Every structure is written in structure tokens, then in C-alpha cells.
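Q: This is final_0.csv, which holds CSV, N, CA and C atoms:
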```csv
chain,number,residue,atom,x,y,z
A,1,MET,N,0.9,-1.2,0.0
A,1,MET,CA,0.0,0.0,0.0
A,1,MET,C,0.9,1.2,0.0
A,2,GLU,N,0.8,2.0,-1.0
A,2,GLU,CA,1.5,3.2,-1.1
A,2,GLU,C,0.7,4.4,-0.5
A,3,GLY,N,1.4,5.3,0.2
A,3,GLY,CA,0.7,6.4,0.8
A,3,GLY,C,1.3,7.7,0.3
A,4,LYS,N,1.3,8.7,1.1
A,4,LYS,CA,1.7,10.0,0.8
A,4,LYS,C,3.1,10.0,0.3
A,5,GLU,N,3.4,10.8,-0.8
A,5,GLU,CA,4.7,10.9,-1.4
A,5,GLU,C,5.2,9.6,-2.0
A,6,GLY,N,4.3,8.7,-2.3
A,6,GLY,CA,4.8,7.4,-3.0
A,6,GLY,C,5.5,6.5,-2.0
A,7,LYS,N,5.3,6.6,-0.7
A,7,LYS,CA,6.0,5.7,0.2
A,7,LYS,C,5.3,4.4,0.4
A,8,LYS,N,6.0,3.4,0.7
A,8,LYS,CA,5.5,2.1,1.0
A,8,LYS,C,5.9,1.8,2.4
A,9,ALA,N,5.0,1.1,3.2
A,9,ALA,CA,5.3,0.7,4.6
A,9,ALA,C,5.0,-0.7,4.7
A,10,VAL,N,5.9,-1.4,5.5
A,10,VAL,CA,5.8,-2.9,5.7
A,10,VAL,C,6.1,-3.1,7.2
A,11,HIS,N,5.2,-4.0,7.8
A,11,HIS,CA,5.4,-4.5,9.1
A,11,HIS,C,5.7,-6.0,9.0
A,12,ALA,N,6.8,-6.5,9.5
A,12,ALA,CA,7.2,-7.8,9.3
A,12,ALA,C,7.7,-8.5,10.6
A,13,TYR,N,7.5,-9.8,10.6
A,13,TYR,CA,8.1,-10.7,11.7
A,13,TYR,C,9.0,-11.7,11.0
A,14,ILE,N,10.2,-11.7,11.5
A,14,ILE,CA,11.2,-12.6,11.0
A,14,ILE,C,11.6,-13.7,12.0
A,15,SER,N,11.5,-15.0,11.6
A,15,SER,CA,11.8,-16.1,12.5
A,15,SER,C,12.9,-16.9,12.0
A,16,GLY,N,13.5,-17.6,12.9
A,16,GLY,CA,14.7,-18.5,12.6
A,16,GLY,C,15.7,-18.2,13.6
A,17,ARG,N,17.0,-18.3,13.2
A,17,ARG,CA,18.1,-17.9,14.2
A,17,ARG,C,18.4,-16.5,13.8
A,18,VAL,N,17.7,-15.6,14.5
A,18,VAL,CA,17.8,-14.2,14.2
A,18,VAL,C,18.1,-13.3,15.4
A,19,GLN,N,18.3,-13.9,16.5
A,19,GLN,CA,18.8,-13.2,17.7
A,19,GLN,C,20.1,-13.7,18.1
A,20,GLY,N,21.0,-12.8,18.6
A,20,GLY,CA,22.3,-13.1,19.0
A,20,GLY,C,23.3,-13.3,17.8
A,21,VAL,N,22.9,-12.9,16.6
A,21,VAL,CA,23.7,-13.1,15.4
A,21,VAL,C,23.8,-11.8,14.6
A,22,PHE,N,23.6,-10.7,15.3
A,22,PHE,CA,23.7,-9.3,14.7
A,22,PHE,C,22.7,-9.0,13.7
A,23,TYR,N,21.5,-9.8,13.7
A,23,TYR,CA,20.5,-9.5,12.7
A,23,TYR,C,19.9,-8.1,12.9
A,24,ARG,N,19.5,-7.8,14.1
A,24,ARG,CA,18.9,-6.5,14.4
A,24,ARG,C,19.9,-5.3,14.0
A,25,ALA,N,21.1,-5.4,14.4
A,25,ALA,CA,22.1,-4.4,14.1
A,25,ALA,C,22.3,-4.3,12.6
A,26,SER,N,22.4,-5.4,12.0
A,26,SER,CA,22.7,-5.4,10.5
A,26,SER,C,21.4,-4.9,9.7
A,27,THR,N,20.3,-5.2,10.2
A,27,THR,CA,19.0,-4.7,9.6
A,27,THR,C,19.0,-3.1,9.7
A,28,TYR,N,19.4,-2.7,10.9
A,28,TYR,CA,19.5,-1.2,11.1
A,28,TYR,C,20.4,-0.6,10.1
A,29,GLU,N,21.6,-1.1,10.0
A,29,GLU,CA,22.6,-0.6,9.0
A,29,GLU,C,22.1,-0.6,7.6
A,30,LYS,N,21.5,-1.7,7.2
A,30,LYS,CA,20.9,-1.8,5.8
A,30,LYS,C,19.8,-0.8,5.6
A,31,ALA,N,18.9,-0.7,6.6
A,31,ALA,CA,17.8,0.2,6.4
A,31,ALA,C,18.3,1.7,6.3
A,32,ARG,N,19.3,2.0,7.1
A,32,ARG,CA,19.8,3.4,7.0
A,32,ARG,C,20.5,3.6,5.7
A,33,GLU,N,21.2,2.6,5.2
A,33,GLU,CA,21.9,2.7,3.9
A,33,GLU,C,20.9,2.9,2.8
A,34,LEU,N,19.7,2.3,2.9
A,34,LEU,CA,18.7,2.5,1.9
A,34,LEU,C,17.8,3.7,2.1
A,35,GLY,N,18.0,4.5,3.2
A,35,GLY,CA,17.3,5.7,3.4
A,35,GLY,C,15.9,5.5,3.9
A,36,LEU,N,15.7,4.4,4.7
A,36,LEU,CA,14.3,4.1,5.1
A,36,LEU,C,14.1,4.6,6.5
A,37,GLN,N,12.8,4.7,6.9
A,37,GLN,CA,12.4,5.1,8.2
A,37,GLN,C,11.7,3.9,8.9
A,38,GLY,N,11.7,3.9,10.3
A,38,GLY,CA,11.0,2.9,11.0
A,38,GLY,C,11.9,2.4,12.1
A,39,TRP,N,11.7,1.1,12.4
A,39,TRP,CA,12.4,0.5,13.6
A,39,TRP,C,12.5,-1.0,13.4
A,40,VAL,N,13.4,-1.6,14.2
A,40,VAL,CA,13.6,-3.0,14.3
A,40,VAL,C,13.8,-3.4,15.8
A,41,ARG,N,13.3,-4.5,16.2
A,41,ARG,CA,13.5,-4.9,17.6
A,41,ARG,C,13.4,-6.5,17.7
A,42,ASN,N,14.1,-7.0,18.8
A,42,ASN,CA,13.9,-8.4,19.1
A,42,ASN,C,12.7,-8.6,19.9
A,43,LEU,N,12.0,-9.7,19.8
A,43,LEU,CA,10.8,-10.1,20.5
A,43,LEU,C,11.2,-11.2,21.5
A,44,PRO,N,10.5,-11.3,22.6
A,44,PRO,CA,10.8,-12.3,23.6
A,44,PRO,C,10.7,-13.8,23.1
A,45,ASP,N,9.9,-14.0,22.0
A,45,ASP,CA,9.7,-15.3,21.5
A,45,ASP,C,10.8,-15.7,20.5
A,46,GLY,N,11.9,-14.9,20.4
A,46,GLY,CA,13.0,-15.2,19.5
A,46,GLY,C,12.9,-14.7,18.1
A,47,ARG,N,11.8,-14.0,17.7
A,47,ARG,CA,11.7,-13.4,16.4
A,47,ARG,C,12.2,-12.0,16.4
A,48,VAL,N,12.4,-11.4,15.3
A,48,VAL,CA,12.7,-10.0,15.1
A,48,VAL,C,11.5,-9.4,14.5
A,49,GLU,N,11.1,-8.2,15.0
A,49,GLU,CA,10.0,-7.4,14.4
A,49,GLU,C,10.5,-6.2,13.7
A,50,LEU,N,10.0,-5.9,12.6
A,50,LEU,CA,10.5,-4.8,11.7
A,50,LEU,C,9.3,-3.9,11.2
A,51,PHE,N,9.4,-2.6,11.3
A,51,PHE,CA,8.5,-1.7,10.6
A,51,PHE,C,9.4,-0.8,9.8
A,52,CYS,N,9.2,-0.8,8.5
A,52,CYS,CA,10.0,0.2,7.6
A,52,CYS,C,9.1,0.8,6.6
A,53,GLN,N,9.5,2.0,6.2
A,53,GLN,CA,8.8,2.7,5.2
A,53,GLN,C,9.8,3.6,4.4
A,54,GLY,N,9.4,3.9,3.1
A,54,GLY,CA,10.2,4.7,2.3
A,54,GLY,C,9.8,4.4,0.8
A,55,PRO,N,10.7,4.7,-0.1
A,55,PRO,CA,10.4,4.5,-1.5
A,55,PRO,C,10.1,3.0,-1.7
A,56,PRO,N,9.1,2.6,-2.4
A,56,PRO,CA,8.8,1.2,-2.6
A,56,PRO,C,9.9,0.3,-3.0
A,57,GLU,N,10.8,0.7,-3.9
A,57,GLU,CA,11.9,-0.2,-4.4
A,57,GLU,C,12.9,-0.4,-3.2
A,58,GLN,N,13.1,0.6,-2.4
A,58,GLN,CA,14.0,0.5,-1.3
A,58,GLN,C,13.5,-0.4,-0.2
A,59,VAL,N,12.2,-0.3,0.1
A,59,VAL,CA,11.5,-1.2,1.1
A,59,VAL,C,11.6,-2.7,0.6
A,60,ASP,N,11.4,-2.9,-0.7
A,60,ASP,CA,11.5,-4.2,-1.3
A,60,ASP,C,12.9,-4.7,-1.2
A,61,ARG,N,13.9,-3.9,-1.4
A,61,ARG,CA,15.3,-4.3,-1.3
A,61,ARG,C,15.6,-4.7,0.1
A,62,LEU,N,15.1,-4.0,1.1
A,62,LEU,CA,15.3,-4.4,2.5
A,62,LEU,C,14.7,-5.7,2.8
A,63,LEU,N,13.5,-5.9,2.3
A,63,LEU,CA,12.8,-7.2,2.6
A,63,LEU,C,13.6,-8.4,1.9
A,64,GLU,N,14.1,-8.2,0.8
A,64,GLU,CA,14.9,-9.2,0.1
A,64,GLU,C,16.2,-9.5,0.9
A,65,TRP,N,16.8,-8.5,1.5
A,65,TRP,CA,18.0,-8.6,2.3
A,65,TRP,C,17.6,-9.4,3.6
A,66,CYS,N,16.4,-9.1,4.1
A,66,CYS,CA,15.9,-9.8,5.4
A,66,CYS,C,15.8,-11.3,5.2
A,67,LYS,N,15.5,-11.7,4.0
A,67,LYS,CA,15.4,-13.2,3.8
A,67,LYS,C,16.7,-13.9,4.0
A,68,VAL,N,17.8,-13.2,4.0
A,68,VAL,CA,19.1,-13.9,4.3
A,68,VAL,C,19.7,-13.3,5.5
A,69,GLY,N,19.7,-12.0,5.7
A,69,GLY,CA,20.3,-11.4,6.9
A,69,GLY,C,21.8,-11.5,6.9
A,70,PRO,N,22.4,-11.3,8.1
A,70,PRO,CA,23.9,-11.3,8.2
A,70,PRO,C,24.4,-12.8,8.1
A,71,PRO,N,25.7,-13.0,8.0
A,71,PRO,CA,26.2,-14.3,7.8
A,71,PRO,C,25.8,-15.4,8.8
A,72,ALA,N,25.7,-15.0,10.1
A,72,ALA,CA,25.5,-16.0,11.1
A,72,ALA,C,24.0,-16.4,11.3
A,73,ALA,N,23.1,-15.6,10.6
A,73,ALA,CA,21.7,-15.8,10.7
A,73,ALA,C,21.2,-17.0,9.9
A,74,ARG,N,20.0,-17.5,10.3
A,74,ARG,CA,19.3,-18.4,9.5
A,74,ARG,C,17.8,-18.0,9.5
A,75,VAL,N,17.3,-17.5,8.4
A,75,VAL,CA,15.9,-17.1,8.3
A,75,VAL,C,15.0,-18.2,7.9
A,76,ASP,N,14.0,-18.6,8.7
A,76,ASP,CA,13.1,-19.6,8.3
A,76,ASP,C,11.8,-19.1,7.7
A,77,GLU,N,11.4,-17.9,8.1
A,77,GLU,CA,10.1,-17.4,7.6
A,77,GLU,C,10.1,-15.9,7.9
A,78,ILE,N,9.5,-15.2,6.9
A,78,ILE,CA,9.1,-13.8,7.1
A,78,ILE,C,7.6,-13.6,6.8
A,79,GLN,N,6.9,-13.0,7.8
A,79,GLN,CA,5.5,-12.7,7.7
A,79,GLN,C,5.4,-11.2,7.5
A,80,ALA,N,5.1,-10.7,6.4
A,80,ALA,CA,5.1,-9.3,6.1
A,80,ALA,C,3.7,-8.8,5.6
A,81,THR,N,3.3,-7.7,6.2
A,81,THR,CA,2.1,-7.1,5.7
A,81,THR,C,2.3,-5.6,5.3
A,82,THR,N,1.7,-5.1,4.3
A,82,THR,CA,1.8,-3.8,3.9
A,82,THR,C,0.8,-2.9,4.6
A,83,HIS,N,1.3,-1.7,5.0
A,83,HIS,CA,0.5,-0.8,5.8
A,83,HIS,C,0.6,0.6,5.2
A,84,LYS,N,-0.2,1.5,5.7
A,84,LYS,CA,-0.1,2.9,5.4
A,84,LYS,C,1.1,3.5,6.0
A,85,PRO,N,1.9,4.3,5.3
A,85,PRO,CA,3.0,5.0,5.9
A,85,PRO,C,2.6,5.9,7.1
A,86,ILE,N,3.5,6.0,8.1
A,86,ILE,CA,3.2,6.7,9.3
A,86,ILE,C,4.1,8.0,9.3
A,87,GLU,N,3.5,9.1,9.4
A,87,GLU,CA,4.2,10.4,9.2
A,87,GLU,C,5.3,10.6,10.3
A,88,GLU,N,5.1,10.1,11.5
A,88,GLU,CA,6.0,10.4,12.6
A,88,GLU,C,7.4,9.9,12.5
A,89,TYR,N,7.6,8.9,11.6
A,89,TYR,CA,9.0,8.3,11.5
A,89,TYR,C,9.8,9.2,10.5
A,90,THR,N,10.9,9.6,11.0
A,90,THR,CA,11.8,10.4,10.1
A,90,THR,C,13.2,9.8,10.0
A,91,SER,N,13.5,8.7,10.7
A,91,SER,CA,14.7,8.0,10.7
A,91,SER,C,14.5,6.5,11.0
A,92,PHE,N,15.5,5.7,11.1
A,92,PHE,CA,15.4,4.3,11.4
A,92,PHE,C,16.1,4.1,12.7
A,93,GLU,N,15.5,3.3,13.6
A,93,GLU,CA,16.1,3.1,14.9
A,93,GLU,C,16.0,1.6,15.4
A,94,VAL,N,16.8,1.3,16.3
A,94,VAL,CA,16.7,0.0,17.0
A,94,VAL,C,15.9,0.2,18.3
A,95,ARG,N,14.9,-0.6,18.5
A,95,ARG,CA,14.1,-0.5,19.7
A,95,ARG,C,14.5,-1.6,20.7
A,96,TYR,N,14.4,-1.3,21.9
A,96,TYR,CA,14.8,-2.3,22.9
A,96,TYR,C,13.6,-2.6,23.8
```
Write out the structure in this file as C-alpha cells.

A:
Amino acid sequence: MEGKEGKKAVHAYISGRVQGVFYRASTYEKARELGLQGWVRNLPDGRVELFCQGPPEQVDRLLEWCKVGPPAARVDEIQATTHKPIEEYTSFEVRY
């Protein structure tokens, strides 16, 4: 779903071996490199949760990257849904 200014927003849950392998930090770096806004965080159940928005092609590039992640990660599944962009996000952050 594209919103204001042609932005796309995605909320995703990534499962597999994605905690303790620099997945969250690497996702942060990749999202910043792509100029995206939003956040990433670890969940108590072992998954990583991600919300990102920006130009549709950049959001798609981040999701493609998320399918593999950093070298030590093993991604089993990504559940992603498209959302309306949220105006309050102006950068990308790691949430704790």
C-alpha cells in the first residue's frame, strides 16, 4: 500500500536464528543505507519485528535482504504485511 509521497510501509516478523547473530544491528545498518524510516527490535519469542517505510523499491530491497540477513543468521520465515506509511517516522532506529 503506497501512501503520501509514494512511500510504501511494511510490518514484518522474521523467525529463525535471528537473535544473537547481529540480525537487528545489521538490519538497522541496511535500512539506514537504503534511506528508510522505522524501527527493528527483538521479541521475547525469538523473532525479530520490523517496521519500515520509504520508496517502494528500497523497502522491497530491505525485505529481500531480510530473507538472508547477516552471515550467522538463518531465516526460516518472514511474515510481512503492507501498511499505510506513518508520518511520525523520520529515521530508522533500534528499539529495545

Q: Give me, please, the distance in Å between CA of Leu36 in chain A and CA of Ser91 in chain A, quoted to one decimal.

A: 6.8 Å

Q: I'd like to know which of A:Leu63, A:Ala31, A:Cys52, A:Val94 is closest to Glu77 in chain A, using only C-alpha atoms.

A: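 Result for the nearest residue to Glu77 in chain A: A:Leu63.
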
Q: May I have the residues within 6.5 Å of Gly6 in chain A as a PyMOL selection string, using all atoms listed in the file and disregarding those fewer than 5 positions away in the same chain?

A: chain A and resi 54-56

Q: Please build the interface table for range 20-90 of chain A against range 11-16 of chain A with a cut-off of 6.5 Å, listing for each qualifying residue the nearest atom pair and the distance in Å to one decimal; count all atoms listed in the file, order rows by chain and increasing number, and write it as a tab-separated table.

A:
```
residue	atom	partner	partner_atom	distance
A:Gly46	C	A:Ser15	CA	5.9
A:Arg47	CA	A:Ile14	C	4.4
A:Val48	C	A:Ile14	N	4.0
A:Glu49	CA	A:Ala12	C	4.6
A:Leu50	C	A:Ala12	N	4.0
A:Phe51	CA	A:His11	CA	4.4
A:Cys52	N	A:His11	N	5.2
A:Arg74	C	A:Gly16	CA	4.4
A:Val75	CA	A:Gly16	CA	4.7
A:Asp76	N	A:Ser15	C	3.9
A:Glu77	C	A:Ser15	N	4.1
A:Ile78	CA	A:Tyr13	C	4.4
A:Gln79	C	A:Tyr13	N	4.0
A:Ala80	CA	A:Ala12	CA	4.1
A:Thr81	N	A:His11	C	4.1
A:Thr82	N	A:His11	N	5.1
A:His83	N	A:His11	N	5.3
```

Q: Mind pulling up the distance from atom N of Arg95 in chain A to CA of Val40 in chain A?

A: 5.0 Å

Q: List every residue of chain A that DSSP, applied to the backbone of this structure, assigns to strand (DSSP E), and report them as a ChimeraX atom specification.

A: /A:8-17,37-42,48-54,74-83,92-94

Q: Provide the atom N of Gly69 in chain A to atom N of Leu34 in chain A distance in Å, to one decimal place.

A: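 Separation of atom N of Gly69 in chain A and atom N of Leu34 in chain A: 14.6 Å.
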
Q: Which of these residues is nearest to Glu87 in chain A, using only C-alpha atoms: A:Val10, A:Tyr28, A:Arg17, A:Gln53?

A: A:Gln53

Q: Taking only C-alpha atoms into account, name the residue in A:Val18, A:Ser26, A:Thr90, A:Asp60 that is nearest to Asn42 in chain A.

A: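 The answer is A:Val18, which sits nearest to Asn42 in chain A.
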
Q: I'd like to know which of A:Phe22, A:Glu57, A:Tyr89, A:Cys66 is closest to Gln37 in chain A, using only N, CA and C atoms.

A: A:Tyr89
